[in-house]
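The file target_4.txt contains compact mmCIF, C-alpha atoms and all ligand atoms:
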# COMPACT_ATOMS: atom_id res chain seq x y z
CA MET A 1 -34.94 48.76 -14.72
CA LEU A 2 -31.99 46.48 -13.95
CA GLN A 3 -31.54 45.22 -10.38
CA LEU A 4 -28.54 43.18 -9.23
CA ASN A 5 -28.03 40.96 -6.22
CA GLN A 6 -24.70 41.01 -4.38
CA PRO A 7 -22.79 38.39 -6.42
CA ALA A 8 -23.97 40.08 -9.65
CA GLN A 9 -22.70 43.42 -8.32
CA LEU A 10 -19.33 41.78 -7.68
CA LEU A 11 -19.28 40.45 -11.23
CA PHE A 12 -20.51 43.52 -13.10
CA GLY A 13 -19.81 46.35 -10.64
CA SER A 14 -22.33 47.93 -8.26
CA ALA A 15 -22.76 50.99 -10.54
CA ALA A 16 -24.44 48.68 -13.08
CA ALA A 17 -27.86 48.84 -11.38
CA GLY A 18 -30.41 51.07 -13.11
CA HIS A 19 -28.73 50.82 -16.54
CA THR A 20 -29.76 48.61 -19.44
CA LEU A 21 -28.28 45.13 -19.40
CA LEU A 22 -25.90 45.98 -22.25
CA GLN A 23 -24.67 49.20 -20.59
CA ALA A 24 -24.21 47.34 -17.32
CA THR A 25 -22.40 44.26 -18.58
CA HIS A 26 -20.92 45.24 -21.97
CA LEU A 27 -21.81 41.69 -23.03
CA PRO A 28 -23.90 41.64 -26.24
CA GLN A 29 -24.43 37.87 -25.83
CA LEU A 30 -26.34 38.47 -22.57
CA ASP A 31 -28.40 41.23 -24.14
CA GLU A 32 -29.29 38.99 -27.11
CA LEU A 33 -30.29 36.18 -24.73
CA LEU A 34 -32.59 38.51 -22.80
CA THR A 35 -34.12 39.94 -25.99
CA GLN A 36 -34.70 36.42 -27.32
CA ALA A 37 -36.40 35.25 -24.11
CA LEU A 38 -38.64 38.32 -23.97
CA ALA A 39 -39.54 38.09 -27.70
CA THR A 40 -40.35 34.37 -27.64
CA ARG A 41 -41.83 34.46 -24.11
CA ALA A 42 -39.75 31.34 -23.36
CA PRO A 43 -36.74 30.71 -21.13
CA ALA A 44 -33.33 30.71 -22.85
CA ASP A 45 -29.79 29.80 -21.91
CA ARG A 46 -26.24 29.74 -23.30
CA HIS A 47 -22.55 29.37 -22.45
CA LEU A 48 -20.30 32.44 -22.62
CA GLN A 49 -16.98 33.78 -21.38
CA ILE A 50 -17.03 36.55 -18.77
CA ASN A 51 -13.67 38.08 -17.83
CA GLY A 52 -12.06 35.15 -19.63
CA GLN A 53 -13.84 32.55 -17.42
CA PRO A 54 -16.53 30.06 -18.54
CA HIS A 55 -20.06 30.95 -17.41
CA HIS A 56 -23.58 29.70 -18.06
CA ALA A 57 -26.40 32.24 -18.39
CA PHE A 58 -30.08 31.40 -17.99
CA VAL A 59 -33.04 33.78 -18.51
CA ALA A 60 -36.42 32.99 -16.94
CA LEU A 61 -39.46 35.15 -17.51
CA ALA A 62 -40.86 36.84 -14.44
CA GLY A 63 -43.81 39.06 -13.63
CA ALA A 64 -47.52 38.79 -14.39
CA ALA A 65 -48.92 38.47 -17.93
CA GLY A 66 -48.51 41.72 -19.85
CA GLU A 67 -45.40 42.70 -17.90
CA HIS A 68 -41.97 42.24 -19.45
CA GLY A 69 -39.86 41.13 -16.51
CA ALA A 70 -37.08 38.59 -16.62
CA VAL A 71 -34.56 37.08 -14.23
CA LEU A 72 -31.05 36.47 -15.49
CA LEU A 73 -29.05 33.82 -13.68
CA VAL A 74 -25.29 33.67 -14.33
CA GLN A 75 -23.30 30.70 -13.04
CA ASP A 76 -19.48 30.63 -12.88
CA LEU A 77 -18.38 27.25 -14.31
CA THR A 78 -14.64 27.62 -13.65
CA GLU A 79 -14.54 25.23 -10.68
CA LEU A 80 -16.95 22.76 -12.33
CA GLU A 81 -14.80 22.65 -15.47
CA ARG A 82 -11.63 22.23 -13.39
CA LEU A 83 -13.21 19.26 -11.60
CA GLY A 84 -14.32 17.77 -14.93
CA ARG A 85 -10.77 18.13 -16.26
CA ALA A 86 -9.29 16.54 -13.11
CA ARG A 87 -11.70 13.59 -13.47
CA ARG A 88 -10.81 13.12 -17.16
CA ASP A 89 -7.07 13.30 -16.36
CA PHE A 90 -7.55 10.77 -13.57
CA VAL A 91 -9.32 8.29 -15.85
CA ALA A 92 -6.72 8.83 -18.59
CA ASN A 93 -3.92 8.21 -16.09
CA ILE A 94 -5.50 4.99 -14.82
CA SER A 95 -6.07 3.72 -18.38
CA HIS A 96 -2.46 4.47 -19.20
CA GLU A 97 -1.22 2.69 -16.06
CA LEU A 98 -3.34 -0.36 -16.88
CA ARG A 99 -2.27 -0.52 -20.51
CA THR A 100 1.43 -1.18 -19.88
CA PRO A 101 1.11 -4.34 -17.74
CA ILE A 102 -1.87 -5.65 -19.74
CA THR A 103 -0.01 -5.28 -23.06
CA SER A 104 3.01 -6.94 -21.59
CA ILE A 105 1.01 -9.91 -20.24
CA ARG A 106 -0.81 -10.29 -23.57
CA LEU A 107 2.49 -10.37 -25.49
CA ILE A 108 3.96 -12.96 -23.15
CA ALA A 109 0.82 -15.12 -23.36
CA ASP A 110 1.00 -14.94 -27.19
CA THR A 111 4.66 -15.94 -27.13
CA LEU A 112 3.96 -18.91 -24.84
CA ARG A 113 1.00 -19.97 -26.99
CA HIS A 114 2.80 -19.76 -30.34
CA LEU A 115 6.17 -21.07 -29.20
CA PRO A 116 5.30 -24.15 -27.09
CA ASP A 117 8.81 -25.54 -27.55
CA LEU A 118 10.60 -22.73 -25.71
CA ASP A 119 13.28 -24.08 -23.40
CA SER A 120 12.27 -24.23 -19.76
CA GLN A 121 14.64 -21.42 -18.70
CA ARG A 122 13.07 -19.01 -21.20
CA GLN A 123 9.58 -20.14 -20.17
CA HIS A 124 10.46 -19.55 -16.54
CA SER A 125 11.71 -16.04 -17.27
CA LEU A 126 8.48 -15.17 -19.16
CA LEU A 127 6.32 -16.53 -16.34
CA GLU A 128 8.41 -14.48 -13.93
CA LYS A 129 7.60 -11.36 -15.99
CA ILE A 130 3.86 -12.18 -15.81
CA ALA A 131 4.17 -12.44 -12.03
CA ILE A 132 5.86 -9.00 -11.88
CA GLU A 133 3.24 -7.36 -14.09
CA THR A 134 0.41 -8.97 -12.10
CA GLU A 135 2.00 -7.65 -8.93
CA ALA A 136 2.02 -4.14 -10.46
CA LEU A 137 -1.68 -4.46 -11.40
CA GLY A 138 -2.49 -5.65 -7.89
CA GLN A 139 -0.61 -2.70 -6.37
CA LEU A 140 -2.39 -0.22 -8.64
CA SER A 141 -5.87 -1.57 -7.85
CA GLY A 142 -5.07 -1.71 -4.12
CA GLU A 143 -3.83 1.87 -4.07
CA LEU A 144 -6.79 3.11 -6.13
CA LEU A 145 -9.13 1.49 -3.63
CA ASP A 146 -7.24 3.03 -0.66
CA LEU A 147 -7.36 6.45 -2.31
CA ALA A 148 -11.08 6.16 -3.15
CA GLN A 149 -11.96 5.04 0.38
CA ILE A 150 -9.94 7.76 2.07
CA GLU A 151 -11.16 10.52 -0.28
CA SER A 152 -14.82 9.54 0.04
CA GLY A 153 -14.63 9.70 3.82
CA GLN A 154 -15.28 5.95 4.23
CA VAL A 155 -12.20 5.58 6.40
CA GLN A 156 -12.94 6.67 9.96
CA PRO A 157 -9.86 6.88 12.19
CA SER A 158 -10.05 4.77 15.28
CA TYR A 159 -7.99 6.50 17.99
CA GLU A 160 -6.02 4.84 20.76
CA LEU A 161 -2.89 5.53 22.78
CA VAL A 162 0.07 4.27 20.75
CA ALA A 163 3.67 3.60 21.84
CA VAL A 164 5.53 5.46 19.10
CA ARG A 165 8.83 3.59 19.26
CA ASP A 166 7.02 0.23 19.02
CA LEU A 167 5.06 1.51 16.02
CA LEU A 168 8.31 2.54 14.26
CA ALA A 169 9.79 -0.90 15.06
CA THR A 170 6.74 -2.59 13.49
CA VAL A 171 7.09 -0.40 10.38
CA HIS A 172 10.75 -1.42 10.11
CA GLN A 173 9.92 -5.07 10.67
CA ARG A 174 7.37 -5.09 7.86
CA LEU A 175 10.02 -4.02 5.37
CA GLN A 176 13.03 -5.67 7.00
CA ALA A 177 13.50 -8.24 4.23
CA LEU A 178 13.49 -5.51 1.58
CA ALA A 179 15.99 -3.36 3.52
CA HIS A 180 18.15 -6.39 4.25
CA GLY A 181 18.20 -7.30 0.55
CA LYS A 182 19.93 -3.96 -0.14
CA ALA A 183 22.13 -4.12 2.97
CA LEU A 184 20.52 -0.92 4.27
CA HIS A 185 20.89 0.12 7.89
CA VAL A 186 17.57 1.32 9.35
CA GLN A 187 17.96 3.15 12.67
CA ILE A 188 15.18 4.25 15.01
CA GLU A 189 15.50 7.41 17.10
CA ALA A 190 12.57 7.67 19.51
CA SER A 191 12.12 7.58 23.25
CA PRO A 192 10.38 4.39 24.50
CA ALA A 193 8.29 6.64 26.78
CA LEU A 194 6.71 8.51 23.85
CA HIS A 195 2.97 7.87 23.37
CA VAL A 196 0.47 9.54 21.04
CA ARG A 197 -3.30 9.27 20.61
CA THR A 198 -3.81 8.30 16.97
CA ASP A 199 -5.03 5.57 14.61
CA PRO A 200 -2.16 3.04 14.69
CA LEU A 201 -3.10 1.22 11.47
CA LEU A 202 -3.51 4.35 9.38
CA LEU A 203 -0.24 5.79 10.69
CA GLU A 204 1.59 2.48 10.23
CA ARG A 205 0.42 2.20 6.61
CA THR A 206 1.58 5.75 5.93
CA LEU A 207 5.02 5.20 7.48
CA VAL A 208 5.43 1.86 5.64
CA ASN A 209 4.74 3.76 2.44
CA LEU A 210 7.40 6.38 3.25
CA LEU A 211 9.94 3.77 4.34
CA HIS A 212 9.23 1.77 1.18
CA ASN A 213 10.15 4.84 -0.90
CA ALA A 214 13.23 5.48 1.25
CA ILE A 215 14.43 1.89 0.67
CA LYS A 216 13.69 2.19 -3.05
CA PHE A 217 15.71 5.39 -3.43
CA THR A 218 18.67 4.72 -1.09
CA PRO A 219 21.66 2.99 -2.72
CA ALA A 220 22.77 -0.36 -1.27
CA GLY A 221 24.67 -0.07 2.00
CA GLY A 222 23.11 3.29 2.94
CA THR A 223 21.36 4.41 6.13
CA ILE A 224 17.73 5.34 6.76
CA THR A 225 16.53 6.99 9.97
CA LEU A 226 13.04 6.72 11.46
CA LEU A 227 12.63 9.39 14.12
CA ALA A 228 10.01 10.69 16.49
CA ARG A 229 10.19 13.61 18.93
CA VAL A 230 7.86 16.05 20.55
CA GLU A 231 7.73 19.59 19.20
CA GLU A 232 4.98 21.01 21.42
CA PRO A 233 2.10 20.93 20.77
CA ARG A 234 2.76 18.40 18.01
CA LEU A 235 4.53 15.08 17.51
CA LEU A 236 7.15 15.12 14.75
CA LEU A 237 7.81 11.90 12.84
CA GLY A 238 10.51 11.62 10.19
CA VAL A 239 11.73 9.19 7.55
CA ILE A 240 15.15 10.35 6.41
CA ASP A 241 17.01 8.55 3.64
CA GLY A 242 20.40 8.62 1.96
CA GLY A 243 19.21 8.56 -1.64
CA ASN A 244 19.59 11.05 -4.43
CA GLY A 245 16.99 13.38 -2.98
CA ILE A 246 14.28 15.31 -4.81
CA PRO A 247 14.96 18.31 -7.06
CA PRO A 248 13.49 21.49 -5.47
CA LEU A 249 11.20 22.05 -8.48
CA GLU A 250 9.56 18.64 -7.91
CA LEU A 251 9.05 19.04 -4.16
CA PRO A 252 5.68 20.86 -4.36
CA ARG A 253 4.31 18.24 -6.79
CA ILE A 254 5.25 14.86 -5.33
CA PHE A 255 2.04 14.59 -3.23
CA GLU A 256 -0.17 14.90 -6.34
CA ARG A 257 -1.94 11.75 -7.53
CA PHE A 258 0.03 9.93 -10.23
CA TYR A 259 2.97 12.33 -9.95
CA ARG A 260 6.23 10.53 -10.60
CA GLY A 261 9.60 12.14 -10.82
CA ASP A 262 11.98 11.94 -13.72
CA PRO A 263 11.57 8.39 -15.16
CA ALA A 264 15.33 7.92 -14.86
CA ARG A 265 14.97 8.32 -11.07
CA SER A 266 11.42 7.27 -10.28
CA LYS A 267 12.12 3.49 -10.30
CA GLY A 268 8.61 2.28 -11.14
CA GLY A 269 5.62 2.74 -8.85
CA THR A 270 2.20 4.20 -9.41
CA GLY A 271 2.71 7.76 -8.18
CA LEU A 272 -0.24 7.24 -5.80
CA GLY A 273 1.65 6.38 -2.59
CA LEU A 274 2.33 9.93 -1.43
CA ALA A 275 -1.16 11.15 -2.42
CA ILE A 276 -2.62 8.44 -0.16
CA ALA A 277 -0.13 9.31 2.60
CA LYS A 278 -1.17 12.98 2.48
CA HIS A 279 -4.88 12.14 2.74
CA ALA A 280 -4.27 9.71 5.60
CA VAL A 281 -2.18 12.21 7.60
CA GLU A 282 -4.74 14.99 7.07
CA LEU A 283 -7.47 12.60 8.22
CA LEU A 284 -5.46 12.22 11.46
CA GLY A 285 -5.42 16.01 11.86
CA GLY A 286 -1.77 16.32 10.83
CA SER A 287 0.41 17.60 8.01
CA ILE A 288 3.08 16.01 5.84
CA TRP A 289 5.89 17.53 3.81
CA ALA A 290 9.24 16.68 2.25
CA GLU A 291 12.61 18.38 2.48
CA SER A 292 15.55 17.85 0.17
CA SER A 293 18.35 20.01 -1.14
CA GLY A 294 18.29 17.96 -4.34
CA ALA A 295 22.09 17.60 -4.19
CA PRO A 296 23.18 14.06 -5.20
CA GLY A 297 23.52 11.83 -2.14
CA ALA A 298 22.02 14.45 0.20
CA GLY A 299 18.89 12.32 0.49
CA ALA A 300 15.27 13.22 1.16
CA ALA A 301 13.46 13.69 4.47
CA PHE A 302 9.70 13.20 4.87
CA TYR A 303 8.13 14.69 8.00
CA ILE A 304 4.71 14.25 9.59
CA LYS A 305 3.32 16.47 12.34
CA LEU A 306 0.45 15.06 14.38
CA PRO A 307 -1.68 16.46 17.20
CA PHE A 308 0.01 15.59 20.50
CA PRO A 309 -0.49 13.75 22.81
P1 LIG A 401 5.53 5.83 -6.30
O1 LIG A 401 4.56 4.79 -5.79
O2 LIG A 401 5.61 5.88 -7.79
O3 LIG A 401 6.85 5.81 -5.60
P2 LIG A 401 4.94 8.14 -4.70
O4 LIG A 401 3.68 8.94 -4.67
O5 LIG A 401 5.29 7.35 -3.49
O6 LIG A 401 4.83 7.22 -5.97
O7 LIG A 401 6.16 9.10 -5.06
C1 LIG A 401 6.03 10.06 -6.10
C2 LIG A 401 7.41 10.50 -6.59
O8 LIG A 401 8.08 11.19 -5.53
C3 LIG A 401 8.34 9.38 -6.99
O9 LIG A 401 8.15 9.00 -8.33
C4 LIG A 401 9.71 10.02 -6.78
O10 LIG A 401 10.04 10.81 -7.90
C5 LIG A 401 9.49 10.96 -5.60
N1 LIG A 401 9.94 10.39 -4.31
C6 LIG A 401 9.17 9.86 -3.34
N2 LIG A 401 9.90 9.46 -2.29
C7 LIG A 401 11.19 9.73 -2.59
C8 LIG A 401 12.46 9.56 -1.90
N3 LIG A 401 12.50 9.02 -0.69
N4 LIG A 401 13.57 9.98 -2.56
C9 LIG A 401 13.52 10.54 -3.77
N5 LIG A 401 12.38 10.74 -4.48
C10 LIG A 401 11.22 10.33 -3.89
Structure translated into structure tokens:
Amino acid sequence: MLQLNQPAQLLFGSAAAGHTLLQATHLPQLDELLTQALATRAPADRHLQINGQPHHAFVALAGAAGEHGAVLLVQDLTELERLGRARRDFVANISHELRTPITSIRLIADTLRHLPDLDSQRQHSLLEKIAIETEALGQLSGELLDLAQIESGQVQPSYELVAVRDLLATVHQRLQALAHGKALHVQIEASPALHVRTDPLLLERTLVNLLHNAIKFTPAGGTITLLARVEEPRLLLGVIDGGNGIPPLELPRIFERFYRGDPARSKGGTGLGLAIAKHAVELLGGSIWAESSGAPGAGAAFYIKLPFP
């Protein structure tokens, strides 16, 4: 007589108990597996689809000698397969990201080796390209390490009371040369009295990342605003730029690892920055999101909400 535990009742229906396995499950593969295990007196297992989802079934013999009992274990593999796919995609993405700079450096090295008489201006320009590609490789490995450390829980926030306006000023200062190079005006809107208990380094790194994007996407001469204000019981931080914004269809995806917008707009980068930012903010107990109408010139706004004070 067939008995089912609660998860099995959910899978096959509670009316299945008391029937034969075939009547209960309408799955001939399971019935064959059971028959095989009972006939050979040996455990048996196989993969099969149940309700269109991947499952693994395992039959173990049960009961004393002479009795014909068996236990059927059915495991839903959907989540496991999804994780396996995500891991394969991740590795494929990294390999792809590594290939471009490595190929480029190899080609340049070949050129320099086979054409030793290149004029010094041409040599200089090739060496410059090697420096740019090496920089890209360094950024990728640095971001991969950040992501791995944050995801594996190795980063433990270290909380202290932080003066928010000073923190925003430091963030600006770190990228001042870059903003200056594009004649961008970066303005800070935050009360000097505002303090929050948080991890200053983790928050600073996240805001530098957002400001870096804002500088990258805002045309020369534009304005970027860094703001902070209390929206009880949270602190709201914002990085608001004057770039081309983000199309509404892309908004839900930009925090995914390796997601990069339309190549015509994405201006290089690894697509890891926002994934790291999201992990860091969540580690601080907060949330992060982006707003943009997607209209040209309307810009993009990235907001962070943190526990306050
Ligand atoms: P990357 O390091 O490549 O910039 P991110 O994770 O920081 O990667 O960003 C992912 C994508 O989100 C970018 O390729 C771009 O399409 C979009 N994006 C991020 N910030 C902005 C912004 N301020 N304005 C417009 N698009 C942005």
Using all atoms listed in the file: which of A:Glu67, A:Glu250, A:Asp199, A:Glu256 has the shortest distance to Glu160 in chain A: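 For Glu160 in chain A, the nearest of the candidates is A:Asp199.
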Who sits within 12 Å of Leu4 in chain A, only C-alpha atoms, same chain under 6 positions skipped, as an MDAnalysis selection string: chainID A and resid 10:21 24:25 71:74
For Thr103 in chain A: contacts at 12 Å, only C-alpha atoms, fewer than 6 positions along chain excluded, given as a list in words: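 Near neighbours after the sequence-gap exclusion: Ser95, His96, Glu97, Ala109, Asp110, Ile130, Glu133, Thr134 and Leu137 of chain A.
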Expected answer as a JSON list (two decimals) with C-alpha atoms, keeping the file's coordinate frame: residues within 7 Å of ligand LIG 401 (chain A), all atoms listed in the file:
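Output (pocket.json):
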[["chain", "number", "residue", "atom", "x", "y", "z"],
["A", 209, "ASN", "CA", 4.74, 3.76, 2.44],
["A", 210, "LEU", "CA", 7.40, 6.38, 3.25],
["A", 213, "ASN", "CA", 10.15, 4.84, -0.90],
["A", 214, "ALA", "CA", 13.23, 5.48, 1.25],
["A", 217, "PHE", "CA", 15.71, 5.39, -3.43],
["A", 241, "ASP", "CA", 17.01, 8.55, 3.64],
["A", 243, "GLY", "CA", 19.21, 8.56, -1.64],
["A", 244, "ASN", "CA", 19.59, 11.05, -4.43],
["A", 245, "GLY", "CA", 16.99, 13.38, -2.98],
["A", 246, "ILE", "CA", 14.28, 15.31, -4.81],
["A", 254, "ILE", "CA", 5.25, 14.86, -5.33],
["A", 255, "PHE", "CA", 2.04, 14.59, -3.23],
["A", 257, "ARG", "CA", -1.94, 11.75, -7.53],
["A", 258, "PHE", "CA", 0.03, 9.93, -10.23],
["A", 259, "TYR", "CA", 2.97, 12.33, -9.95],
["A", 260, "ARG", "CA", 6.23, 10.53, -10.60],
["A", 261, "GLY", "CA", 9.60, 12.14, -10.82],
["A", 262, "ASP", "CA", 11.98, 11.94, -13.72],
["A", 265, "ARG", "CA", 14.97, 8.32, -11.07],
["A", 266, "SER", "CA", 11.42, 7.27, -10.28],
["A", 268, "GLY", "CA", 8.61, 2.28, -11.14],
["A", 269, "GLY", "CA", 5.62, 2.74, -8.85],
["A", 270, "THR", "CA", 2.20, 4.20, -9.41],
["A", 271, "GLY", "CA", 2.71, 7.76, -8.18],
["A", 272, "LEU", "CA", -0.24, 7.24, -5.80],
["A", 273, "GLY", "CA", 1.65, 6.38, -2.59],
["A", 274, "LEU", "CA", 2.33, 9.93, -1.43],
["A", 275, "ALA", "CA", -1.16, 11.15, -2.42],
["A", 299, "GLY", "CA", 18.89, 12.32, 0.49],
["A", 300, "ALA", "CA", 15.27, 13.22, 1.16]]
Close residues, Ile288 in chain A itself excluded, 12 Å, only C-alpha atoms, min 3 positions apart in chain, as a ChimeraX atom specification: /A:203,206-207,210,235-239,252,254-255,274-285,291,301-306
Residues within 9 Å of Arg234 in chain A, all atoms listed in the file, excluding chain neighbours under 3 positions, as a count of residues only: 9
Shell of 7 Å around Pro54 in chain A, all atoms listed in the file, local chain residues under 2 positions omitted, as a list in words: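 The contact residues come out as Leu48, Gln49, Ile50, Gly52, Asp76, Leu77 and Thr78 of chain A.
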Straight-line distance linking CA of Leu147 in chain A with CA of Ser287 in chain A, stated in Å to one decimal: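 Taking CA of Leu147 in chain A and CA of Ser287 in chain A, their separation equals 17.1 Å.
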Please output range 101-123 of chain A, rebuilt to include N, CA, C and O atoms, as a compact mmCIF listing (two decimals), in the frame of the given file.
# COMPACT_ATOMS: atom_id res chain seq x y z
N PRO A 101 1.02 -2.93 -18.15
CA PRO A 101 1.11 -4.34 -17.74
C PRO A 101 0.22 -5.27 -18.57
O PRO A 101 0.60 -6.40 -18.86
N ILE A 102 -0.97 -4.78 -18.97
CA ILE A 102 -1.87 -5.65 -19.74
C ILE A 102 -1.24 -6.01 -21.09
O ILE A 102 -1.25 -7.17 -21.51
N THR A 103 -0.66 -5.01 -21.76
CA THR A 103 -0.01 -5.28 -23.06
C THR A 103 1.11 -6.28 -22.88
O THR A 103 1.26 -7.22 -23.67
N SER A 104 1.88 -6.07 -21.83
CA SER A 104 3.01 -6.94 -21.59
C SER A 104 2.55 -8.38 -21.34
O SER A 104 3.10 -9.33 -21.92
N ILE A 105 1.51 -8.55 -20.52
CA ILE A 105 1.01 -9.91 -20.24
C ILE A 105 0.46 -10.56 -21.51
O ILE A 105 0.70 -11.73 -21.79
N ARG A 106 -0.24 -9.74 -22.33
CA ARG A 106 -0.81 -10.29 -23.57
C ARG A 106 0.31 -10.78 -24.50
O ARG A 106 0.22 -11.86 -25.07
N LEU A 107 1.37 -9.99 -24.62
CA LEU A 107 2.49 -10.37 -25.49
C LEU A 107 3.14 -11.66 -25.02
O LEU A 107 3.45 -12.55 -25.81
N ILE A 108 3.31 -11.75 -23.70
CA ILE A 108 3.96 -12.96 -23.15
C ILE A 108 3.07 -14.18 -23.39
O ILE A 108 3.54 -15.25 -23.79
N ALA A 109 1.74 -14.00 -23.16
CA ALA A 109 0.82 -15.12 -23.36
C ALA A 109 0.87 -15.57 -24.82
O ALA A 109 0.89 -16.77 -25.11
N ASP A 110 0.92 -14.60 -25.76
CA ASP A 110 1.00 -14.94 -27.19
C ASP A 110 2.27 -15.74 -27.48
O ASP A 110 2.25 -16.74 -28.19
N THR A 111 3.38 -15.26 -26.90
CA THR A 111 4.66 -15.94 -27.13
C THR A 111 4.57 -17.38 -26.63
O THR A 111 4.97 -18.32 -27.33
N LEU A 112 4.03 -17.56 -25.41
CA LEU A 112 3.96 -18.91 -24.84
C LEU A 112 3.04 -19.81 -25.66
O LEU A 112 3.30 -21.00 -25.83
N ARG A 113 1.96 -19.17 -26.21
CA ARG A 113 1.00 -19.97 -26.99
C ARG A 113 1.60 -20.42 -28.32
O ARG A 113 1.43 -21.54 -28.75
N HIS A 114 2.31 -19.47 -28.98
CA HIS A 114 2.80 -19.76 -30.34
C HIS A 114 4.15 -20.46 -30.36
O HIS A 114 4.55 -20.99 -31.39
N LEU A 115 4.85 -20.41 -29.25
CA LEU A 115 6.17 -21.07 -29.20
C LEU A 115 6.18 -22.09 -28.06
O LEU A 115 6.89 -21.93 -27.06
N PRO A 116 5.41 -23.20 -28.21
CA PRO A 116 5.30 -24.15 -27.09
C PRO A 116 6.62 -24.88 -26.81
O PRO A 116 6.78 -25.46 -25.74
N ASP A 117 7.57 -24.79 -27.76
CA ASP A 117 8.81 -25.54 -27.55
C ASP A 117 9.92 -24.73 -26.89
O ASP A 117 11.08 -25.15 -26.90
N LEU A 118 9.57 -23.57 -26.37
CA LEU A 118 10.60 -22.73 -25.71
C LEU A 118 11.29 -23.53 -24.61
O LEU A 118 10.63 -24.32 -23.91
N ASP A 119 12.60 -23.33 -24.45
CA ASP A 119 13.28 -24.08 -23.40
C ASP A 119 12.77 -23.61 -22.03
O ASP A 119 12.23 -22.51 -21.89
N SER A 120 12.94 -24.48 -21.04
CA SER A 120 12.27 -24.23 -19.76
C SER A 120 12.82 -22.97 -19.08
O SER A 120 12.10 -22.27 -18.37
N GLN A 121 14.09 -22.62 -19.32
CA GLN A 121 14.64 -21.42 -18.70
C GLN A 121 13.94 -20.17 -19.24
O GLN A 121 13.59 -19.25 -18.49
N ARG A 122 13.74 -20.15 -20.55
CA ARG A 122 13.07 -19.01 -21.20
C ARG A 122 11.60 -18.93 -20.74
O ARG A 122 11.08 -17.86 -20.46
N GLN A 123 10.98 -20.11 -20.65
CA GLN A 123 9.58 -20.14 -20.17
C GLN A 123 9.49 -19.57 -18.75
O GLN A 123 8.62 -18.78 -18.44
